[in-house]
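Text of final.pdb (PDB, C-alpha atoms) as supplied:
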```pdb
ATOM      1  CA  TRP A  80      10.127 -56.999 136.821
ATOM      2  CA  ARG A  81       9.030 -60.471 135.825
ATOM      3  CA  ILE A  82       7.272 -63.265 137.727
ATOM      4  CA  THR A  83       8.262 -66.806 136.763
ATOM      5  CA  ILE A  84       6.150 -69.636 138.116
ATOM      6  CA  ALA A  85       8.372 -72.723 138.250
ATOM      7  CA  ASP A  86       6.232 -75.842 138.352
ATOM      8  CA  ASN A  87       8.172 -79.016 138.908
ATOM      9  CA  ALA A  88       6.228 -82.257 138.749
ATOM     10  CA  SER A  89       3.093 -81.008 140.491
ATOM     11  CA  THR A  90       0.144 -83.401 140.369
ATOM     12  CA  ASP A  91      -2.649 -80.914 141.041
ATOM     13  CA  GLY A  92      -3.918 -77.975 138.982
ATOM     14  CA  THR A  93      -0.904 -75.733 139.558
ATOM     15  CA  LEU A  94       0.404 -75.887 135.990
ATOM     16  CA  ALA A  95      -2.973 -75.137 134.421
ATOM     17  CA  VAL A  96      -3.547 -72.178 136.747
ATOM     18  CA  ALA A  97      -0.020 -70.875 136.090
ATOM     19  CA  ARG A  98      -0.450 -71.053 132.327
ATOM     20  CA  ARG A  99      -3.763 -69.252 132.509
ATOM     21  CA  LEU A 100      -2.161 -66.477 134.533
ATOM     22  CA  SER A 101       0.660 -66.164 131.996
ATOM     23  CA  TYR A 102      -1.917 -65.643 129.227
ATOM     24  CA  GLU A 103      -3.912 -63.110 131.229
ATOM     25  CA  LEU A 104      -1.172 -61.048 132.875
ATOM     26  CA  ASP A 105       1.828 -59.241 131.400
ATOM     27  CA  GLY A 106       5.139 -60.074 133.051
ATOM     28  CA  VAL A 107       4.120 -63.581 134.142
ATOM     29  CA  GLU A 108       5.919 -66.606 132.707
ATOM     30  CA  VAL A 109       5.821 -70.339 133.383
ATOM     31  CA  ILE A 110       8.437 -73.050 133.202
ATOM     32  CA  HIS A 111       7.550 -76.706 133.727
ATOM     33  CA  LEU A 112       9.963 -79.396 134.890
ATOM     34  CA  ARG A 113       9.151 -83.088 134.997
ATOM     35  CA  ALA A 114      11.239 -83.779 138.107
ATOM     36  CA  LYS A 115      10.764 -82.459 141.632
ATOM     37  CA  GLY A 116      13.255 -80.488 143.691
ATOM     38  CA  ARG A 117      13.431 -76.851 144.751
ATOM     39  CA  GLY A 118      17.054 -76.609 143.686
ATOM     40  CA  ARG A 119      16.215 -78.013 140.265
ATOM     41  CA  ALA A 120      13.473 -75.400 139.784
ATOM     42  CA  LEU A 121      15.681 -72.522 140.921
ATOM     43  CA  ARG A 122      18.582 -73.635 138.742
ATOM     44  CA  ALA A 123      16.348 -73.790 135.664
ATOM     45  CA  ALA A 124      14.624 -70.458 136.283
ATOM     46  CA  TRP A 125      17.671 -68.489 137.370
ATOM     47  CA  LEU A 126      20.108 -69.612 134.686
ATOM     48  CA  ILE A 127      17.786 -68.633 131.826
ATOM     49  CA  SER A 128      16.900 -65.257 133.336
ATOM     50  CA  ASP A 129      18.305 -62.041 131.900
ATOM     51  CA  ALA A 130      17.414 -59.999 135.012
ATOM     52  CA  ARG A 131      20.032 -58.104 137.039
ATOM     53  CA  VAL A 132      18.729 -59.701 140.233
ATOM     54  CA  VAL A 133      16.850 -62.982 140.602
ATOM     55  CA  ALA A 134      14.781 -63.885 143.633
ATOM     56  CA  TYR A 135      12.370 -66.548 144.757
ATOM     57  CA  MET A 136       9.664 -67.018 147.328
ATOM     58  CA  ASP A 137       7.557 -70.010 148.250
ATOM     59  CA  VAL A 138       4.268 -70.097 146.390
ATOM     60  CA  ASP A 139       2.289 -70.363 149.639
ATOM     61  CA  LEU A 140       3.277 -66.728 150.414
ATOM     62  CA  SER A 141       4.464 -67.526 153.922
ATOM     63  CA  THR A 142       6.410 -64.292 153.578
ATOM     64  CA  GLU A 143       4.392 -61.368 152.247
ATOM     65  CA  LEU A 144       5.400 -59.389 149.180
ATOM     66  CA  ASN A 145       6.053 -56.243 151.213
ATOM     67  CA  ALA A 146       9.375 -57.827 152.243
ATOM     68  CA  LEU A 147      10.552 -58.081 148.623
ATOM     69  CA  LEU A 148      11.932 -54.543 148.243
ATOM     70  CA  PRO A 149      14.144 -54.749 151.382
ATOM     71  CA  LEU A 150      15.420 -58.066 150.009
ATOM     72  CA  VAL A 151      16.463 -56.881 146.553
ATOM     73  CA  ALA A 152      17.441 -53.266 147.337
ATOM     74  CA  PRO A 153      20.970 -54.020 148.662
ATOM     75  CA  LEU A 154      21.671 -56.110 145.545
ATOM     76  CA  LEU A 155      20.501 -53.437 143.115
ATOM     77  CA  SER A 156      22.595 -50.833 144.934
ATOM     78  CA  GLY A 157      25.703 -53.034 144.836
ATOM     79  CA  HIS A 158      25.921 -53.248 148.622
ATOM     80  CA  SER A 159      25.574 -57.047 148.757
ATOM     81  CA  ASP A 160      25.900 -60.125 146.543
ATOM     82  CA  LEU A 161      23.126 -62.282 148.025
ATOM     83  CA  ALA A 162      20.186 -61.493 150.303
ATOM     84  CA  ILE A 163      18.216 -63.913 152.432
ATOM     85  CA  GLY A 164      15.065 -63.695 154.491
ATOM     86  CA  SER A 165      15.607 -64.841 158.056
ATOM     87  CA  ARG A 166      13.052 -66.177 160.490
ATOM     88  CA  LEU A 167      15.705 -66.345 163.209
ATOM     89  CA  ALA A 168      17.174 -62.841 162.992
ATOM     90  CA  ARG A 169      16.254 -60.173 165.505
ATOM     91  CA  GLY A 170      13.074 -58.410 164.410
ATOM     92  CA  ALA A 171      11.535 -61.414 162.636
ATOM     93  CA  ARG A 172       7.964 -62.382 163.559
ATOM     94  CA  VAL A 173       7.147 -66.044 163.043
ATOM     95  CA  GLN A 174       4.046 -68.177 163.404
ATOM     96  CA  ARG A 175       4.847 -71.866 163.050
ATOM     97  CA  SER A 176       4.630 -75.087 165.000
ATOM     98  CA  ARG A 177       6.996 -75.723 167.883
ATOM     99  CA  ARG A 178       8.289 -78.823 166.109
ATOM    100  CA  ARG A 179       9.330 -76.911 162.996
ATOM    101  CA  GLU A 180      10.834 -74.136 165.097
ATOM    102  CA  LEU A 181      13.032 -76.588 166.985
ATOM    103  CA  ILE A 182      14.097 -78.400 163.817
ATOM    104  CA  SER A 183      14.991 -75.125 162.117
ATOM    105  CA  ARG A 184      17.060 -73.867 165.042
ATOM    106  CA  ALA A 185      18.824 -77.216 165.424
ATOM    107  CA  TYR A 186      19.662 -77.360 161.715
ATOM    108  CA  ASN A 187      21.115 -73.853 161.630
ATOM    109  CA  ARG A 188      23.090 -74.628 164.787
ATOM    110  CA  ILE A 189      24.579 -77.657 163.030
ATOM    111  CA  LEU A 190      25.581 -75.422 160.116
ATOM    112  CA  ARG A 191      27.354 -72.990 162.425
ATOM    113  CA  VAL A 192      29.283 -75.768 164.145
ATOM    114  CA  ALA A 193      30.012 -78.056 161.190
ATOM    115  CA  LEU A 194      30.406 -75.551 158.342
ATOM    116  CA  ARG A 195      31.092 -72.332 160.276
ATOM    117  CA  ALA A 196      28.048 -70.687 158.741
ATOM    118  CA  ARG A 197      27.760 -66.992 159.575
ATOM    119  CA  PHE A 198      24.161 -66.575 158.350
ATOM    120  CA  SER A 199      21.217 -67.258 160.637
ATOM    121  CA  ASP A 200      18.609 -69.037 158.479
ATOM    122  CA  ALA A 201      19.656 -71.217 155.553
ATOM    123  CA  GLN A 202      16.300 -72.661 154.533
ATOM    124  CA  CYS A 203      13.933 -69.690 154.557
ATOM    125  CA  GLY A 204      12.106 -69.725 151.220
ATOM    126  CA  PHE A 205      12.855 -66.096 150.445
ATOM    127  CA  LYS A 206      16.157 -65.244 148.766
ATOM    128  CA  ALA A 207      17.667 -62.990 146.098
ATOM    129  CA  VAL A 208      20.971 -63.182 144.229
ATOM    130  CA  ARG A 209      22.754 -60.911 141.756
ATOM    131  CA  ALA A 210      22.825 -62.372 138.250
ATOM    132  CA  ASP A 211      26.623 -62.471 138.007
ATOM    133  CA  VAL A 212      26.776 -64.417 141.267
ATOM    134  CA  VAL A 213      24.177 -66.872 139.951
ATOM    135  CA  ARG A 214      26.239 -67.538 136.835
ATOM    136  CA  SER A 215      29.390 -68.184 138.849
ATOM    137  CA  LEU A 216      27.952 -70.145 141.799
ATOM    138  CA  VAL A 217      24.864 -72.079 140.690
ATOM    139  CA  PRO A 218      26.772 -74.375 138.280
ATOM    140  CA  LEU A 219      28.918 -75.408 141.272
ATOM    141  CA  VAL A 220      25.942 -76.410 143.438
ATOM    142  CA  ARG A 221      25.400 -80.167 143.272
ATOM    143  CA  ASP A 222      22.152 -80.503 145.192
ATOM    144  CA  GLU A 223      18.864 -80.322 143.279
ATOM    145  CA  GLU A 224      16.461 -80.363 146.200
ATOM    146  CA  TRP A 225      16.060 -78.610 149.580
ATOM    147  CA  PHE A 226      19.779 -78.468 150.394
ATOM    148  CA  PHE A 227      20.350 -76.271 147.330
ATOM    149  CA  ASP A 228      19.917 -73.091 149.412
ATOM    150  CA  THR A 229      22.400 -74.138 152.068
ATOM    151  CA  GLU A 230      25.017 -75.241 149.573
ATOM    152  CA  LEU A 231      24.674 -71.987 147.630
ATOM    153  CA  LEU A 232      25.155 -69.906 150.776
ATOM    154  CA  ILE A 233      28.131 -71.939 152.003
ATOM    155  CA  LEU A 234      29.836 -71.612 148.614
ATOM    156  CA  ALA A 235      29.163 -67.873 148.660
ATOM    157  CA  GLN A 236      30.580 -67.537 152.163
ATOM    158  CA  ARG A 237      33.710 -69.478 151.235
ATOM    159  CA  ARG A 238      34.249 -67.021 148.396
ATOM    160  CA  CYS A 239      33.859 -64.086 150.786
ATOM    161  CA  LEU A 240      30.727 -62.783 149.077
ATOM    162  CA  ARG A 241      28.473 -60.404 151.011
ATOM    163  CA  ILE A 242      25.258 -61.974 152.343
ATOM    164  CA  HIS A 243      22.583 -59.548 153.527
ATOM    165  CA  GLU A 244      19.912 -60.756 155.986
ATOM    166  CA  VAL A 245      16.374 -59.395 156.169
ATOM    167  CA  PRO A 246      14.174 -60.272 159.195
ATOM    168  CA  VAL A 247      10.824 -61.436 157.834
ATOM    169  CA  ASP A 248       7.284 -61.985 159.018
ATOM    170  CA  TRP A 249       6.595 -65.670 158.429
ATOM    171  CA  VAL A 250       3.310 -67.545 158.741
ATOM    172  CA  GLU A 251       3.560 -71.309 158.334
ATOM    173  CA  ASP A 252       1.279 -72.944 155.790
ATOM    174  CA  PRO A 253      -0.491 -75.835 157.565
ATOM    175  CA  ASP A 254      -0.858 -77.589 154.194
ATOM    176  CA  SER A 255       2.906 -77.827 153.630
ATOM    177  CA  ARG A 256       3.906 -80.842 151.501
ATOM    178  CA  VAL A 257       7.476 -81.024 152.825
ATOM    179  CA  SER A 258       8.337 -84.386 154.415
ATOM    180  CA  LEU A 259      10.404 -83.403 157.425
ATOM    181  CA  VAL A 260      12.316 -86.608 158.183
ATOM    182  CA  PRO A 261      13.514 -87.455 154.624
ATOM    183  CA  THR A 262      14.352 -83.782 154.038
ATOM    184  CA  ALA A 263      16.320 -83.543 157.291
ATOM    185  CA  LEU A 264      18.309 -86.689 156.481
ATOM    186  CA  ALA A 265      19.109 -85.410 152.984
ATOM    187  CA  ASP A 266      20.247 -82.092 154.459
ATOM    188  CA  LEU A 267      22.557 -83.840 156.915
ATOM    189  CA  ARG A 268      24.096 -85.825 154.051
ATOM    190  CA  GLY A 269      24.673 -82.533 152.262
ATOM    191  CA  VAL A 270      26.369 -81.063 155.331
ATOM    192  CA  ALA A 271      28.672 -84.091 155.553
ATOM    193  CA  ARG A 272      29.544 -83.747 151.849
ATOM    194  CA  LEU A 273      30.489 -80.071 152.230
ATOM    195  CA  MET A 274      32.568 -80.868 155.316
ATOM    196  CA  LEU A 275      34.519 -83.526 153.428
ATOM    197  CA  HIS A 276      34.995 -81.214 150.472
ATOM    198  CA  ARG A 277      36.418 -78.510 152.728
ATOM    199  CA  GLU A 278      38.798 -80.930 154.419
ATOM    200  CA  ARG A 279      40.019 -82.335 151.110
ATOM    201  CA  ARG A 280      40.566 -78.847 149.756
ATOM    202  CA  GLN A 281      42.553 -77.850 152.840
ATOM    203  CA  LEU A 282      44.728 -80.931 152.461
ATOM    204  CA  THR A 283      45.535 -80.050 148.865
ATOM    205  CA  LEU A 284      46.501 -76.522 149.924
ATOM    206  CA  VAL A 285      48.975 -77.639 152.607
ATOM    207  CA  PRO A 286      52.512 -77.250 151.210
ATOM    208  CA  ARG A 287      54.768 -80.236 151.416
ATOM    209  CA  ALA A 288      57.633 -80.070 153.866
ATOM    210  CA  PRO A 289      60.983 -79.486 152.147
ATOM    211  CA  ARG A 290      63.051 -82.619 151.702
ATOM    212  CA  MET A 291      66.120 -82.570 153.920
ATOM    213  CA  LEU A 292      69.409 -83.517 152.332
ATOM    214  CA  ALA A 293      71.314 -86.193 154.202
ATOM    215  CA  ASP A 294      74.776 -85.344 155.411
ATOM    216  CA  ARG A 295      77.466 -86.927 153.363
TER     217      ARG A 295
END
```
Since I need it in another form, could you write the structure as structure tokens?
Amino acid sequence: WRITIADNASTDGTLAVARRLSYELDGVEVIHLRAKGRGRALRAAWLISDARVVAYMDVDLSTELNALLPLVAPLLSGHSDLAIGSRLARGARVQRSRRRELISRAYNRILRVALRARFSDAQCGFKAVRADVVRSLVPLVRDEEWFFDTELLILAQRRCLRIHEVPVDWVEDPDSRVSLVPTALADLRGVARLMLHRERRQLTLVPRAPRMLADR
């Protein structure tokens, strides 16, 4: 195993703490990016990894580490291609504000209606992917920020890859730095982009009607 701390444009002491940990502990590495964006950090960390399975979790540990083995086990066994933690699946136990709960449920409802998503929780910060799937899908993902997760899952679903869901215990961090309104608007723009892409692709796949010869 290996722990990679991906620091992207933090302005506090995160990078210094991460580097100290990498010096003190075996199996801990650090990458530093000058630009923000969860998708940007995941792309950088995952594409340079030589692991069979890559995973990520939010640094605030909203989901505990005891959920990691159920997440990666179906990928190591070959049962699934991607695995996601879900705060909305049966069996999940969640502590978070009513506002965030409503926003999360509304967003995932939009995904089911607009993009026909068959997974329950797109944005949970707890996911794992097989390395071969990362190499084939991540270069196709355009988003570099919070919509990265959703776009990755939609692309996987459209390619009929197997997505395994793990109900998680989730405790919201009250010191979250995520700006809800700008993030929600960016996500909706991403949904619209994927809808247009699907429609354009369907149009290109429709065969042209055969040309009828006029009677002479």
Using all atoms listed in the file, which protein or nucleic acid residues come within 10 Å of region 251-264 of chain A? Drop anything in the same chain fewer than 5 positions from it, and give the result as a PyMOL selection string.
chain A and resi 139-142+173-176+179+182-183+186+224-226+269-270
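For the atom pair formed by CA of Arg122 (chain A) and CA of Asn87 (chain A), the distance is 11.7 Å, given to one decimal.
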What's the separation between CA of Gly118 (chain A) and CA of Asp228 (chain A), in Å to one decimal place?
7.3 Å
Within 8 Å of region 202-204 of chain A using only C-alpha atoms, minus same-chain residues under 2 positions, as a VMD selection string:
chain A and resid 135 to 137 163 to 166 200 206 225 to 226 228 to 229
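If you apply the PyMOL selection byres ((chain A and resi 97) around 10) to this structure, you end up with A:Thr83, A:Ile84, A:Ala85, A:Asp86, A:Gly92, A:Thr93, A:Leu94, A:Ala95, A:Val96, A:Arg98, A:Arg99, A:Leu100, A:Ser101, A:Tyr102, A:Glu103, A:Val107, A:Glu108, A:Val109, A:Ile110, A:His111.
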What would the file look like if the residues just selected were written as a tab-separated table (two decimals), in the coordinates of the input with C-alpha atoms?
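Full text of part_16.tsv as output:
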```tsv
chain	number	residue	atom	x	y	z
A	83	THR	CA	8.26	-66.81	136.76
A	84	ILE	CA	6.15	-69.64	138.12
A	85	ALA	CA	8.37	-72.72	138.25
A	86	ASP	CA	6.23	-75.84	138.35
A	92	GLY	CA	-3.92	-77.97	138.98
A	93	THR	CA	-0.90	-75.73	139.56
A	94	LEU	CA	0.40	-75.89	135.99
A	95	ALA	CA	-2.97	-75.14	134.42
A	96	VAL	CA	-3.55	-72.18	136.75
A	98	ARG	CA	-0.45	-71.05	132.33
A	99	ARG	CA	-3.76	-69.25	132.51
A	100	LEU	CA	-2.16	-66.48	134.53
A	101	SER	CA	0.66	-66.16	132.00
A	102	TYR	CA	-1.92	-65.64	129.23
A	103	GLU	CA	-3.91	-63.11	131.23
A	107	VAL	CA	4.12	-63.58	134.14
A	108	GLU	CA	5.92	-66.61	132.71
A	109	VAL	CA	5.82	-70.34	133.38
A	110	ILE	CA	8.44	-73.05	133.20
A	111	HIS	CA	7.55	-76.71	133.73
```
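For the file at hand, the PyMOL selection byres ((chain A and resi 115) around 10) resolves to Asp86, Asn87, Ala88, Ser89, Leu112, Arg113, Ala114, Gly116, Arg117, Gly118, Arg119, Ala120, Glu223 and Glu224 of chain A.
Nearest residue to Leu231 (chain A), choosing from A:Leu161, A:Val250, A:Val192, A:Leu150 and counting only C-alpha atoms: A:Leu161.
Using all atoms listed in the file, the nearest neighbour of Ser215 (chain A) within the list A:Cys239, A:Leu126, A:Leu167, A:Leu154 is A:Leu126.
Separating CA of Arg237 (chain A) from CA of Gly170 (chain A) is a distance of 26.9 Å.
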Residues at most 8 Å from Ala134 (chain A), counting only C-alpha atoms, excluding those fewer than 4 positions away in the same chain, as a compact mmCIF listing (two decimals) with C-alpha atoms, keeping the file's coordinate frame?
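Saved the output as out_38.txt:
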```txt
# COMPACT_ATOMS: atom_id res chain seq x y z
CA VAL A 151 16.46 -56.88 146.55
CA PHE A 205 12.86 -66.10 150.44
CA LYS A 206 16.16 -65.24 148.77
CA ALA A 207 17.67 -62.99 146.10
CA VAL A 208 20.97 -63.18 144.23
```
Hey, which of A:Arg272, A:Arg277, A:Arg178, A:His243 ends up closest to Asp160 (chain A)? Count only C-alpha atoms.
A:His243
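Residues matched by the PyMOL selection byres ((chain A and resi 197) around 12) in this file: Ala168, Asn187, Arg188, Ile189, Leu190, Arg191, Val192, Ala193, Leu194, Arg195, Ala196, Phe198, Ser199, Asp200, Ala201, Thr229, Leu232, Ile233, Ala235, Gln236, Arg237, Cys239, Leu240, Arg241, Ile242, His243 and Glu244 of chain A.
For the choices A:Arg209, A:Arg172, A:His158, A:Arg81, the atom-to-atom distance to Pro246 (chain A) is smallest for A:Arg172 when using all atoms listed in the file.
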Taking every listed atom of region 166-174 of chain A and adding 4 Å to each side, what centre and edge lengths in Å (one decimal) does the axis-aligned box have, as lines of an AutoDock Vina configuration file?
```
center_x = 10.6
center_y = -63.3
center_z = 163.0
size_x = 21.1
size_y = 17.8
size_z = 13.0
```
Give the answer as one residue: which of A:Leu147, A:Val213, A:Met274, A:Leu104 has the shortest atom-to-atom distance to Ala130 (chain A), using all atoms listed in the file?
A:Val213
